[in-house]
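The file work_7.cif comes next; it holds mmCIF, C-alpha atoms and all ligand atoms.
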```cif
data_input
loop_
_atom_site.group_PDB
_atom_site.id
_atom_site.type_symbol
_atom_site.label_atom_id
_atom_site.label_comp_id
_atom_site.auth_asym_id
_atom_site.auth_seq_id
_atom_site.Cartn_x
_atom_site.Cartn_y
_atom_site.Cartn_z
ATOM 1 C CA MET A 18 33.176 27.127 35.394
ATOM 2 C CA LYS A 19 35.097 24.017 36.379
ATOM 3 C CA ILE A 20 38.255 23.127 34.486
ATOM 4 C CA LYS A 21 40.188 19.890 34.811
ATOM 5 C CA VAL A 22 43.583 19.458 33.228
ATOM 6 C CA LEU A 23 43.517 15.874 31.976
ATOM 7 C CA GLY A 24 46.896 16.064 30.264
ATOM 8 C CA SER A 25 49.550 18.772 30.302
ATOM 9 C CA ALA A 26 52.340 17.483 28.025
ATOM 10 C CA ALA A 27 52.883 18.150 24.339
ATOM 11 C CA GLY A 28 52.896 15.416 21.687
ATOM 12 C CA GLY A 29 54.850 12.376 22.891
ATOM 13 C CA GLY A 30 53.967 12.921 26.556
ATOM 14 C CA PHE A 31 56.497 13.015 29.392
ATOM 15 C CA PRO A 32 58.506 10.833 29.448
ATOM 16 C CA GLN A 33 58.244 10.089 25.751
ATOM 17 C CA TRP A 34 58.298 6.343 25.118
ATOM 18 C CA ASN A 35 61.553 6.275 23.113
ATOM 19 C CA CYS A 36 63.343 9.287 24.553
ATOM 20 C CA ASN A 37 66.459 9.229 26.715
ATOM 21 C CA CYS A 38 67.035 12.975 26.904
ATOM 22 C CA PRO A 39 68.050 14.235 30.380
ATOM 23 C CA MET A 40 64.421 15.201 31.115
ATOM 24 C CA CYS A 41 62.776 11.941 30.019
ATOM 25 C CA SER A 42 65.385 9.647 31.544
ATOM 26 C CA GLY A 43 65.427 11.840 34.660
ATOM 27 C CA VAL A 44 61.686 11.493 35.301
ATOM 28 C CA ARG A 45 61.775 7.800 34.367
ATOM 29 C CA ASN A 46 64.594 7.086 36.824
ATOM 30 C CA GLY A 47 63.419 9.503 39.504
ATOM 31 C CA THR A 48 66.665 11.486 39.364
ATOM 32 C CA ILE A 49 65.004 14.843 38.663
ATOM 33 C CA ASN A 50 62.166 16.534 40.546
ATOM 34 C CA ALA A 51 59.464 16.272 37.875
ATOM 35 C CA LYS A 52 55.992 14.819 37.354
ATOM 36 C CA ALA A 53 55.127 12.503 34.467
ATOM 37 C CA ARG A 54 52.488 13.965 32.180
ATOM 38 C CA THR A 55 50.047 12.730 29.549
ATOM 39 C CA GLN A 56 49.308 14.548 26.286
ATOM 40 C CA SER A 57 47.371 17.779 26.485
ATOM 41 C CA SER A 58 43.636 17.858 27.041
ATOM 42 C CA ILE A 59 41.241 19.666 29.358
ATOM 43 C CA ALA A 60 37.601 19.135 30.360
ATOM 44 C CA VAL A 61 35.267 22.051 31.112
ATOM 45 C CA SER A 62 31.887 21.990 32.880
ATOM 46 C CA SER A 63 29.299 24.302 34.398
ATOM 47 C CA ASP A 64 27.726 21.831 36.809
ATOM 48 C CA GLY A 65 30.425 19.189 37.337
ATOM 49 C CA VAL A 66 28.161 16.522 35.796
ATOM 50 C CA ASP A 67 28.299 17.179 32.049
ATOM 51 C CA TRP A 68 31.641 18.036 30.449
ATOM 52 C CA VAL A 69 33.042 19.428 27.230
ATOM 53 C CA LEU A 70 36.319 17.747 26.294
ATOM 54 C CA PHE A 71 38.939 19.959 24.654
ATOM 55 C CA ASN A 72 41.061 17.787 22.391
ATOM 56 C CA ALA A 73 41.114 13.997 22.482
ATOM 57 C CA SER A 74 44.622 12.843 23.269
ATOM 58 C CA PRO A 75 46.026 9.368 22.554
ATOM 59 C CA ASP A 76 46.081 9.032 26.371
ATOM 60 C CA ILE A 77 42.337 9.585 26.737
ATOM 61 C CA LEU A 78 41.491 6.203 28.231
ATOM 62 C CA THR A 79 44.040 6.680 31.021
ATOM 63 C CA GLN A 80 42.824 10.245 31.523
ATOM 64 C CA ILE A 81 39.193 9.113 31.877
ATOM 65 C CA GLN A 82 40.263 6.438 34.360
ATOM 66 C CA GLN A 83 42.058 9.084 36.400
ATOM 67 C CA CYS A 84 39.105 11.494 36.349
ATOM 68 C CA GLY A 85 36.121 9.750 37.936
ATOM 69 C CA VAL A 86 33.564 12.447 37.063
ATOM 70 C CA LEU A 87 34.004 11.672 33.373
ATOM 71 C CA GLN A 88 32.607 8.176 34.102
ATOM 72 C CA PRO A 89 29.356 8.742 36.036
ATOM 73 C CA ALA A 90 28.040 5.148 35.559
ATOM 74 C CA ARG A 91 24.331 6.056 35.407
ATOM 75 C CA THR A 92 23.536 3.432 32.783
ATOM 76 C CA LEU A 93 25.270 0.344 31.416
ATOM 77 C CA ARG A 94 27.211 2.435 28.886
ATOM 78 C CA ASP A 95 27.763 6.015 30.077
ATOM 79 C CA THR A 96 30.053 9.020 29.911
ATOM 80 C CA GLY A 97 30.181 12.519 31.360
ATOM 81 C CA ILE A 98 31.606 13.795 28.048
ATOM 82 C CA LYS A 99 28.777 15.510 26.175
ATOM 83 C CA SER A 100 30.779 17.237 23.436
ATOM 84 C CA ILE A 101 34.305 17.204 22.071
ATOM 85 C CA VAL A 102 36.053 20.315 20.780
ATOM 86 C CA LEU A 103 39.098 19.809 18.538
ATOM 87 C CA LEU A 104 41.272 22.928 18.405
ATOM 88 C CA ASP A 105 43.537 21.541 15.685
ATOM 89 C CA ALA A 106 44.004 18.304 13.734
ATOM 90 C CA GLN A 107 47.313 17.207 15.310
ATOM 91 C CA ILE A 108 47.786 13.567 16.325
ATOM 92 C CA ASP A 109 48.221 14.436 20.017
ATOM 93 C CA HIS A 110 44.870 16.274 20.015
ATOM 94 C CA THR A 111 42.677 14.040 17.881
ATOM 95 C CA THR A 112 43.570 10.348 17.796
ATOM 96 C CA GLY A 113 41.790 9.788 21.117
ATOM 97 C CA ILE A 114 38.446 10.001 19.297
ATOM 98 C CA LEU A 115 39.119 6.491 17.932
ATOM 99 C CA MET A 116 39.224 5.226 21.517
ATOM 100 C CA LEU A 117 35.679 6.541 22.012
ATOM 101 C CA ARG A 118 34.245 4.480 19.130
ATOM 102 C CA GLU A 119 31.962 2.499 21.461
ATOM 103 C CA HIS A 120 29.907 5.649 22.105
ATOM 104 C CA LYS A 121 26.168 4.872 21.908
ATOM 105 C CA SER A 122 25.323 7.698 19.506
ATOM 106 C CA PRO A 123 27.374 9.759 17.022
ATOM 107 C CA LEU A 124 30.127 11.690 18.827
ATOM 108 C CA SER A 125 29.277 15.380 19.024
ATOM 109 C CA ILE A 126 32.478 16.943 17.672
ATOM 110 C CA TRP A 127 33.063 20.693 17.284
ATOM 111 C CA CYS A 128 35.858 21.927 15.033
ATOM 112 C CA THR A 129 36.520 24.304 12.134
ATOM 113 C CA SER A 130 35.987 23.209 8.548
ATOM 114 C CA ALA A 131 39.806 23.269 8.050
ATOM 115 C CA VAL A 132 40.255 20.752 10.896
ATOM 116 C CA LYS A 133 37.337 18.688 9.594
ATOM 117 C CA GLU A 134 39.006 18.569 6.184
ATOM 118 C CA ASP A 135 42.294 17.318 7.675
ATOM 119 C CA LEU A 136 40.413 14.674 9.667
ATOM 120 C CA SER A 137 38.511 13.585 6.566
ATOM 121 C CA GLU A 138 41.435 13.588 4.090
ATOM 122 C CA GLY A 139 44.997 13.874 5.494
ATOM 123 C CA ASN A 140 44.243 11.678 8.507
ATOM 124 C CA PRO A 141 40.694 10.437 7.883
ATOM 125 C CA LEU A 142 39.695 9.667 11.483
ATOM 126 C CA PHE A 143 36.142 10.898 10.831
ATOM 127 C CA LYS A 144 35.772 8.390 7.990
ATOM 128 C CA VAL A 145 37.097 5.571 10.162
ATOM 129 C CA LEU A 146 34.659 6.483 12.949
ATOM 130 C CA GLY A 147 31.901 6.324 10.319
ATOM 131 C CA HIS A 148 32.261 2.539 10.626
ATOM 132 C CA TYR A 149 31.655 2.735 14.393
ATOM 133 C CA CYS A 150 29.640 5.370 16.270
ATOM 134 C CA SER A 151 30.026 8.086 13.554
ATOM 135 C CA VAL A 152 30.648 11.774 14.003
ATOM 136 C CA ASP A 153 28.041 14.486 14.435
ATOM 137 C CA TRP A 154 30.093 17.454 13.173
ATOM 138 C CA ASN A 155 29.317 20.958 14.444
ATOM 139 C CA GLU A 156 31.166 23.824 12.855
ATOM 140 C CA LEU A 157 33.335 26.117 14.953
ATOM 141 C CA ASP A 158 33.049 29.452 13.223
ATOM 142 C CA VAL A 159 36.045 31.734 13.780
ATOM 143 C CA LYS A 160 34.300 34.807 12.381
ATOM 144 C CA GLY A 161 33.332 36.117 15.782
ATOM 145 C CA LYS A 162 30.352 33.850 16.339
ATOM 146 C CA GLU A 163 29.471 32.920 19.904
ATOM 147 C CA HIS A 164 28.832 29.206 20.401
ATOM 148 C CA ARG A 165 26.806 27.306 22.970
ATOM 149 C CA ILE A 166 28.185 23.797 23.343
ATOM 150 C CA PRO A 167 26.215 21.012 25.081
ATOM 151 C CA GLY A 168 27.938 19.959 28.300
ATOM 152 C CA ALA A 169 28.651 23.472 29.585
ATOM 153 C CA ASP A 170 25.347 25.303 29.656
ATOM 154 C CA SER A 171 26.412 28.467 31.488
ATOM 155 C CA ILE A 172 29.421 29.061 29.239
ATOM 156 C CA THR A 173 29.660 30.844 25.912
ATOM 157 C CA PHE A 174 32.503 29.881 23.604
ATOM 158 C CA ASN A 175 34.292 32.201 21.166
ATOM 159 C CA PRO A 176 36.847 30.474 18.940
ATOM 160 C CA LEU A 177 39.752 32.590 17.663
ATOM 161 C CA ALA A 178 41.773 31.709 14.571
ATOM 162 C CA LEU A 179 45.466 31.424 15.487
ATOM 163 C CA THR A 180 48.555 31.492 13.332
ATOM 164 C CA SER A 181 50.269 28.205 14.118
ATOM 165 C CA ASN A 182 50.906 25.305 11.739
ATOM 166 C CA ALA A 183 48.772 22.468 10.400
ATOM 167 C CA PRO A 184 49.938 18.864 10.904
ATOM 168 C CA PRO A 185 52.513 17.321 8.523
ATOM 169 C CA TYR A 186 49.738 15.285 6.795
ATOM 170 C CA SER A 187 47.580 18.349 6.182
ATOM 171 C CA PRO A 188 47.319 19.823 2.688
ATOM 172 C CA HIS A 189 47.893 23.150 4.518
ATOM 173 C CA ARG A 190 51.199 22.280 6.204
ATOM 174 C CA ASP A 191 53.430 25.381 6.112
ATOM 175 C CA GLN A 192 50.665 27.206 4.195
ATOM 176 C CA PRO A 193 48.359 28.158 7.040
ATOM 177 C CA VAL A 194 44.647 28.617 6.369
ATOM 178 C CA GLU A 195 42.182 30.242 8.744
ATOM 179 C CA GLY A 196 40.978 27.731 11.299
ATOM 180 C CA ASP A 197 43.923 25.281 11.111
ATOM 181 C CA THR A 198 44.470 26.030 14.776
ATOM 182 C CA VAL A 199 42.127 27.844 17.104
ATOM 183 C CA GLY A 200 42.174 29.181 20.636
ATOM 184 C CA MET A 201 39.019 29.393 22.721
ATOM 185 C CA MET A 202 37.653 32.164 24.886
ATOM 186 C CA MET A 203 35.217 30.699 27.425
ATOM 187 C CA SER A 204 32.959 33.088 29.331
ATOM 188 C CA ASP A 205 30.889 31.906 32.270
ATOM 189 C CA GLN A 206 27.571 33.771 32.262
ATOM 190 C CA GLN A 207 27.024 33.069 35.985
ATOM 191 C CA SER A 208 30.396 33.953 37.490
ATOM 192 C CA GLU A 209 31.245 36.389 34.674
ATOM 193 C CA LYS A 210 34.766 34.929 34.592
ATOM 194 C CA LYS A 211 36.732 34.144 31.473
ATOM 195 C CA LEU A 212 39.277 31.529 30.489
ATOM 196 C CA PHE A 213 41.433 31.803 27.383
ATOM 197 C CA TYR A 214 42.737 28.422 26.230
ATOM 198 C CA ALA A 215 45.333 27.948 23.490
ATOM 199 C CA PRO A 216 47.666 24.938 23.731
ATOM 200 C CA GLY A 217 49.153 25.821 20.323
ATOM 201 C CA LEU A 218 49.957 29.503 19.869
ATOM 202 C CA GLY A 219 52.587 30.497 17.316
ATOM 203 C CA GLU A 220 52.228 34.251 17.123
ATOM 204 C CA MET A 221 50.771 36.973 19.343
ATOM 205 C CA GLU A 222 48.343 38.593 16.909
ATOM 206 C CA PRO A 223 46.312 41.651 17.996
ATOM 207 C CA HIS A 224 42.983 39.779 18.361
ATOM 208 C CA VAL A 225 44.669 37.100 20.484
ATOM 209 C CA TRP A 226 46.392 39.644 22.674
ATOM 210 C CA GLN A 227 43.103 41.468 23.174
ATOM 211 C CA ALA A 228 41.399 38.243 24.245
ATOM 212 C CA MET A 229 44.212 37.377 26.634
ATOM 213 C CA GLN A 230 44.053 40.801 28.258
ATOM 214 C CA SER A 231 40.356 40.365 29.009
ATOM 215 C CA ALA A 232 40.689 36.861 30.511
ATOM 216 C CA ASP A 233 40.852 36.007 34.216
ATOM 217 C CA VAL A 234 42.954 32.944 33.448
ATOM 218 C CA VAL A 235 45.131 32.267 30.415
ATOM 219 C CA LEU A 236 46.051 28.619 29.858
ATOM 220 C CA VAL A 237 48.464 28.815 26.958
ATOM 221 C CA ASP A 238 51.192 27.219 24.865
ATOM 222 C CA GLY A 239 54.147 26.145 27.002
ATOM 223 C CA THR A 240 55.657 23.759 24.442
ATOM 224 C CA MET A 241 59.273 24.880 24.423
ATOM 225 C CA TRP A 242 61.542 27.082 26.449
ATOM 226 C CA SER A 243 63.746 28.059 23.509
ATOM 227 C CA ASP A 244 63.170 28.082 19.781
ATOM 228 C CA ASN A 245 65.994 25.660 18.980
ATOM 229 C CA GLU A 246 65.645 23.426 22.041
ATOM 230 C CA MET A 247 64.957 20.227 20.094
ATOM 231 C CA ILE A 248 67.841 20.907 17.684
ATOM 232 C CA GLU A 249 70.255 21.548 20.573
ATOM 233 C CA ARG A 250 69.226 18.290 22.222
ATOM 234 C CA GLY A 251 69.630 16.410 18.948
ATOM 235 C CA ALA A 252 65.963 15.391 19.190
ATOM 236 C CA SER A 253 64.651 16.918 15.948
ATOM 237 C CA SER A 254 65.539 19.418 13.248
ATOM 238 C CA LYS A 255 62.399 21.479 13.935
ATOM 239 C CA THR A 256 62.305 24.816 15.732
ATOM 240 C CA ALA A 257 59.425 25.654 18.068
ATOM 241 C CA ARG A 258 58.287 28.500 15.810
ATOM 242 C CA SER A 259 58.302 26.324 12.660
ATOM 243 C CA MET A 260 55.905 23.982 14.481
ATOM 244 C CA GLY A 261 53.663 26.897 15.408
ATOM 245 C CA HIS A 262 54.704 27.279 19.034
ATOM 246 C CA LEU A 263 55.927 30.530 20.567
ATOM 247 C CA PRO A 264 58.916 29.713 22.803
ATOM 248 C CA GLN A 265 58.882 31.063 26.353
ATOM 249 C CA SER A 266 62.334 32.683 26.410
ATOM 250 C CA GLY A 267 63.912 35.289 24.183
ATOM 251 C CA SER A 268 62.753 38.427 22.509
ATOM 252 C CA GLY A 269 59.034 38.356 21.726
ATOM 253 C CA GLY A 270 58.705 35.073 23.640
ATOM 254 C CA MET A 271 55.736 34.018 25.778
ATOM 255 C CA LEU A 272 57.359 35.262 29.002
ATOM 256 C CA GLU A 273 57.602 38.805 27.686
ATOM 257 C CA TRP A 274 53.937 38.742 26.682
ATOM 258 C CA LEU A 275 52.672 37.212 29.927
ATOM 259 C CA ASP A 276 54.604 39.854 31.849
ATOM 260 C CA LYS A 277 52.480 42.535 30.188
ATOM 261 C CA LEU A 278 49.185 41.061 31.394
ATOM 262 C CA PRO A 279 47.498 42.580 34.446
ATOM 263 C CA ASP A 280 48.880 41.363 37.792
ATOM 264 C CA GLN A 281 45.591 39.691 38.715
ATOM 265 C CA THR A 282 45.509 37.516 35.569
ATOM 266 C CA ARG A 283 46.352 33.908 36.375
ATOM 267 C CA LYS A 284 48.972 32.713 33.886
ATOM 268 C CA ILE A 285 49.388 28.984 33.325
ATOM 269 C CA LEU A 286 51.385 27.033 30.724
ATOM 270 C CA ILE A 287 50.169 23.776 29.144
ATOM 271 C CA HIS A 288 51.241 21.463 26.258
ATOM 272 C CA ILE A 289 54.778 21.228 27.591
ATOM 273 C CA ASN A 290 57.268 19.344 25.470
ATOM 274 C CA ASN A 291 59.415 16.692 27.109
ATOM 275 C CA THR A 292 62.595 18.628 26.197
ATOM 276 C CA ASN A 293 61.447 21.737 28.094
ATOM 277 C CA PRO A 294 63.598 22.354 31.218
ATOM 278 C CA ILE A 295 60.624 23.906 33.094
ATOM 279 C CA LEU A 296 59.381 20.348 33.723
ATOM 280 C CA ASP A 297 62.250 20.031 36.237
ATOM 281 C CA GLU A 298 60.837 21.754 39.309
ATOM 282 C CA ASP A 299 64.362 22.509 40.545
ATOM 283 C CA SER A 300 65.555 24.097 37.291
ATOM 284 C CA SER A 301 66.591 27.744 36.991
ATOM 285 C CA GLU A 302 64.031 28.144 34.177
ATOM 286 C CA ARG A 303 61.240 27.006 36.517
ATOM 287 C CA ALA A 304 62.474 29.404 39.189
ATOM 288 C CA LEU A 305 62.346 32.220 36.651
ATOM 289 C CA LEU A 306 58.724 31.359 35.801
ATOM 290 C CA GLU A 307 57.846 31.422 39.493
ATOM 291 C CA LYS A 308 59.485 34.826 39.834
ATOM 292 C CA HIS A 309 57.236 36.052 37.017
ATOM 293 C CA GLY A 310 54.105 34.539 38.611
ATOM 294 C CA ILE A 311 53.669 31.959 35.862
ATOM 295 C CA GLU A 312 52.376 28.477 36.731
ATOM 296 C CA VAL A 313 53.070 25.187 34.977
ATOM 297 C CA SER A 314 49.987 23.001 34.682
ATOM 298 C CA HIS A 315 50.100 19.329 35.668
ATOM 299 C CA ASP A 316 47.790 16.387 35.085
ATOM 300 C CA GLY A 317 44.939 16.502 37.581
ATOM 301 C CA MET A 318 45.143 20.285 38.090
ATOM 302 C CA GLU A 319 41.729 21.827 38.797
ATOM 303 C CA ILE A 320 40.688 25.422 38.245
ATOM 304 C CA GLU A 321 37.366 26.944 39.311
ATOM 305 C CA LEU A 322 36.231 30.204 37.825
HETATM 306 C C1 LIG B 401 52.515 19.972 17.767
HETATM 307 O O1 LIG B 401 51.911 20.425 18.747
HETATM 308 O O2 LIG B 401 53.245 20.708 17.081
HETATM 309 C C2 LIG B 401 52.355 18.547 17.402
HETATM 310 O O3 LIG B 401 51.447 17.949 18.253
HETATM 311 C C3 LIG B 401 53.644 17.820 17.350
HETATM 312 C C4 LIG B 401 53.472 16.330 17.280
HETATM 313 O O4 LIG B 401 52.625 15.751 17.964
HETATM 314 O O5 LIG B 401 54.242 15.679 16.583
HETATM 315 MN MN MN B 402 50.800 19.168 19.988
HETATM 316 ZN ZN ZN B 403 62.821 13.506 26.090
#
```
Please go through the file and, once you have read it, give me the structure as structure tokens.
Amino acid sequence: MKIKVLGSAAGGGFPQWNCNCPMCSGVRNGTINAKARTQSSIAVSSDGVDWVLFNASPDILTQIQQCGVLQPARTLRDTGIKSIVLLDAQIDHTTGILMLREHKSPLSIWCTSAVKEDLSEGNPLFKVLGHYCSVDWNELDVKGKEHRIPGADSITFNPLALTSNAPPYSPHRDQPVEGDTVGMMMSDQQSEKKLFYAPGLGEMEPHVWQAMQSADVVLVDGTMWSDNEMIERGASSKTARSMGHLPQSGSGGMLEWLDKLPDQTRKILIHINNTNPILDEDSSERALLEKHGIEVSHDGMEIEL
């Protein structure tokens, strides 16, 4: 299994266009040791030719330009992206599908019926695309069904319902329904290796913890260091947990959970918010992650399993 991190930041990217917090201005001015990042998305493949895209970020065109294998140029109009999986209906994970409207046939999109509903009603991107290439919707079933998704033939996909939060425009905002947000277990039938991917993870439920313990690599929610980080910075009135993101620090935080995984499990954070101090490679928070054997993903990162 080949995994490419196309984007590693949370919504807004890093730096965020209108933000002058110490992190965003620091990376913009080159005064902190940090890498700019686009909004979170990964691509997964068995053969390195055909790819499954996980989430379509508003930065997708830049991400495709920076990842040559996604543009194989075999015919006049061509793409290496065979299927698109949408793990939630948030703006930073879905609006990129509009940028793919020139696709020659209906876009093969895999998501739960809850996400499909949000993208047909609250933010009707699927209806808009109906006027262009259209959407070929394939249901992601969170009831334990194993999926085969075109673009990654040796991999089986098991979606897991996660407790997080639906987008502000969803009829289910603050009233979670099953399938609002999913994580994905990906098992390579050839290498027998497993990746667990969850860029939005609000609570460590037993079925999620079980999946994480059986994975070789966990690529999980790294949105915020502390629950009230955005409030402290004056950036927003929202806590990490209210947005459906488990903070890294504190009691019951992501760090405590990752510490309990087997030593050989590779632990990587993704979907990192621009207020998160771990983006500064010289920060004490980043040093603490390193001490715990936890990596911070960056755009262009490649993982082979
Ligand atoms: C989230 O992950 O909670 C959302 O993407 C936030 C946003 O984009 O506004
Ligand atoms: Mn997000
Ligand atoms: Zn900022």
Using only C-alpha atoms, determine which residues lie at most 12 Å from Leu115 (chain A), disregarding the query and same-chain residues fewer than 6 positions distant; provide the list as a ChimeraX atom specification. /A:73-78,108,124,136,140-152
Answer key for the PyMOL selection byres (((chain A and resi 310) around 10) and not hetatm), residues as a count of residues only: 16
Which is closest to ligand MN 402 (chain B) among A:Asp64, A:Asp238, A:Asp153, A:Asp197, if we use only C-alpha atoms and all ligand atoms? A:Asp238
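The closest residue to ligand LIG 401 (chain B), picked from A:Gly251, A:Gly29, A:Gly269, A:Pro167 and counting all atoms listed in the file, is A:Gly29.
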Around region 63-72 of chain A, with edges along x, y and z and 8 Å added on all six sides, what centre and edge lengths do you get, in Å to one decimal, as JSON?
```
{"center_x": 34.4, "center_y": 20.4, "center_z": 29.9, "size_x": 29.3, "size_y": 23.8, "size_z": 30.9}
```
Residue contacts of Lys211 (chain A) (10 Å, only C-alpha atoms) excluding same-chain residues fewer than 3 positions away, as a list in words: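 Contacts, with the query itself left out: Met18, Ile172, Thr173, Phe174, Met202, Met203, Ser204, Asp205, Gln206, Ser208, Tyr214, Ala228, Met229, Ser231, Ala232, Asp233, Val234, Val235 and Leu322 of chain A.
Taking CA of Ser314 (chain A) as the reference point, CA of Gly28 (chain A) is found at 15.3 Å.
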With the cut-off set at 8 Å and counting all atoms listed in the file, tabulate each residue of chain A with an atom at most that distance from an atom of ligand LIG 401 (chain B), showing the nearest atom pair and its distance in Å to one decimal, ordered by chain and increasing number, as CSV.
```
residue,atom,partner,partner_atom,distance
A:Ala27,CA,B:LIG401,O1,6.1
A:Gly28,CA,B:LIG401,O4,3.7
A:Gly29,CA,B:LIG401,O4,6.4
A:Gln107,CA,B:LIG401,O3,5.1
A:Ile108,CA,B:LIG401,O4,5.6
A:Asp109,CA,B:LIG401,O4,5.0
A:His110,CA,B:LIG401,O3,7.0
A:Asn182,CA,B:LIG401,O2,7.4
A:Pro184,CA,B:LIG401,C2,6.9
A:Pro216,CA,B:LIG401,O1,8.0
A:Gly217,CA,B:LIG401,O1,6.3
A:Thr240,CA,B:LIG401,O1,7.6
A:Ala257,CA,B:LIG401,O2,8.0
A:Met260,CA,B:LIG401,O2,5.0
A:Gly261,CA,B:LIG401,O2,6.4
A:His262,CA,B:LIG401,O2,7.0
A:His288,CA,B:LIG401,O1,7.6
```
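With all atoms listed in the file as the atoms that count, the minimum distance from ligand MN 402 (chain B) to the choices A:Ala106, A:Ala252, A:Met247, A:Leu177 is reached by A:Ala106.
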Pick out the closest residue to Glu220 (chain A) from this set: A:Ile295, A:Ile20, A:Ala178, A:Val102. Count only C-alpha atoms.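 Under the stated criterion, the closest residue is A:Ala178.
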What residues of the protein or nucleic acid chains come within 7 Å of ligand ZN 403 (chain B) when you use all atoms listed in the file? Reply as a PyMOL selection string. chain A and resi 32-33+36-41+291-292
Kindly export the residues of the current selection with C-alpha atoms, as a PDB file, keeping the file's coordinate frame.
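File produced: part00.pdb:
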```
ATOM      1  CA  PRO A  32      58.506  10.833  29.448  1.00  0.00           C
ATOM      2  CA  GLN A  33      58.244  10.089  25.751  1.00  0.00           C
ATOM      3  CA  CYS A  36      63.343   9.287  24.553  1.00  0.00           C
ATOM      4  CA  ASN A  37      66.459   9.229  26.715  1.00  0.00           C
ATOM      5  CA  CYS A  38      67.035  12.975  26.904  1.00  0.00           C
ATOM      6  CA  PRO A  39      68.050  14.235  30.380  1.00  0.00           C
ATOM      7  CA  MET A  40      64.421  15.201  31.115  1.00  0.00           C
ATOM      8  CA  CYS A  41      62.776  11.941  30.019  1.00  0.00           C
ATOM      9  CA  ASN A 291      59.415  16.692  27.109  1.00  0.00           C
ATOM     10  CA  THR A 292      62.595  18.628  26.197  1.00  0.00           C
TER      11      THR A 292
END
```
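From CA of Ser58 (chain A) back to CA of Asn46 (chain A), the distance works out to 25.5 Å.
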Could you tell me which residues the PyMOL selection byres (((chain A and resi 101) around 7) and not hetatm) grabs in this file, written as a PyMOL selection string? chain A and resi 69-72+100+102-103+125-127
So the first atom is CA of Glu321 (chain A) and the second is CA of Trp68 (chain A); what is the distance between them in Å, to one decimal place?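 So the two atoms, CA of Glu321 (chain A) and CA of Trp68 (chain A), lie 13.8 Å apart.
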Top pick for closest residue to Lys133 (chain A), considering A:Gly196, A:Pro279, A:Pro223, A:Gly168 and counting all atoms listed in the file: A:Gly196
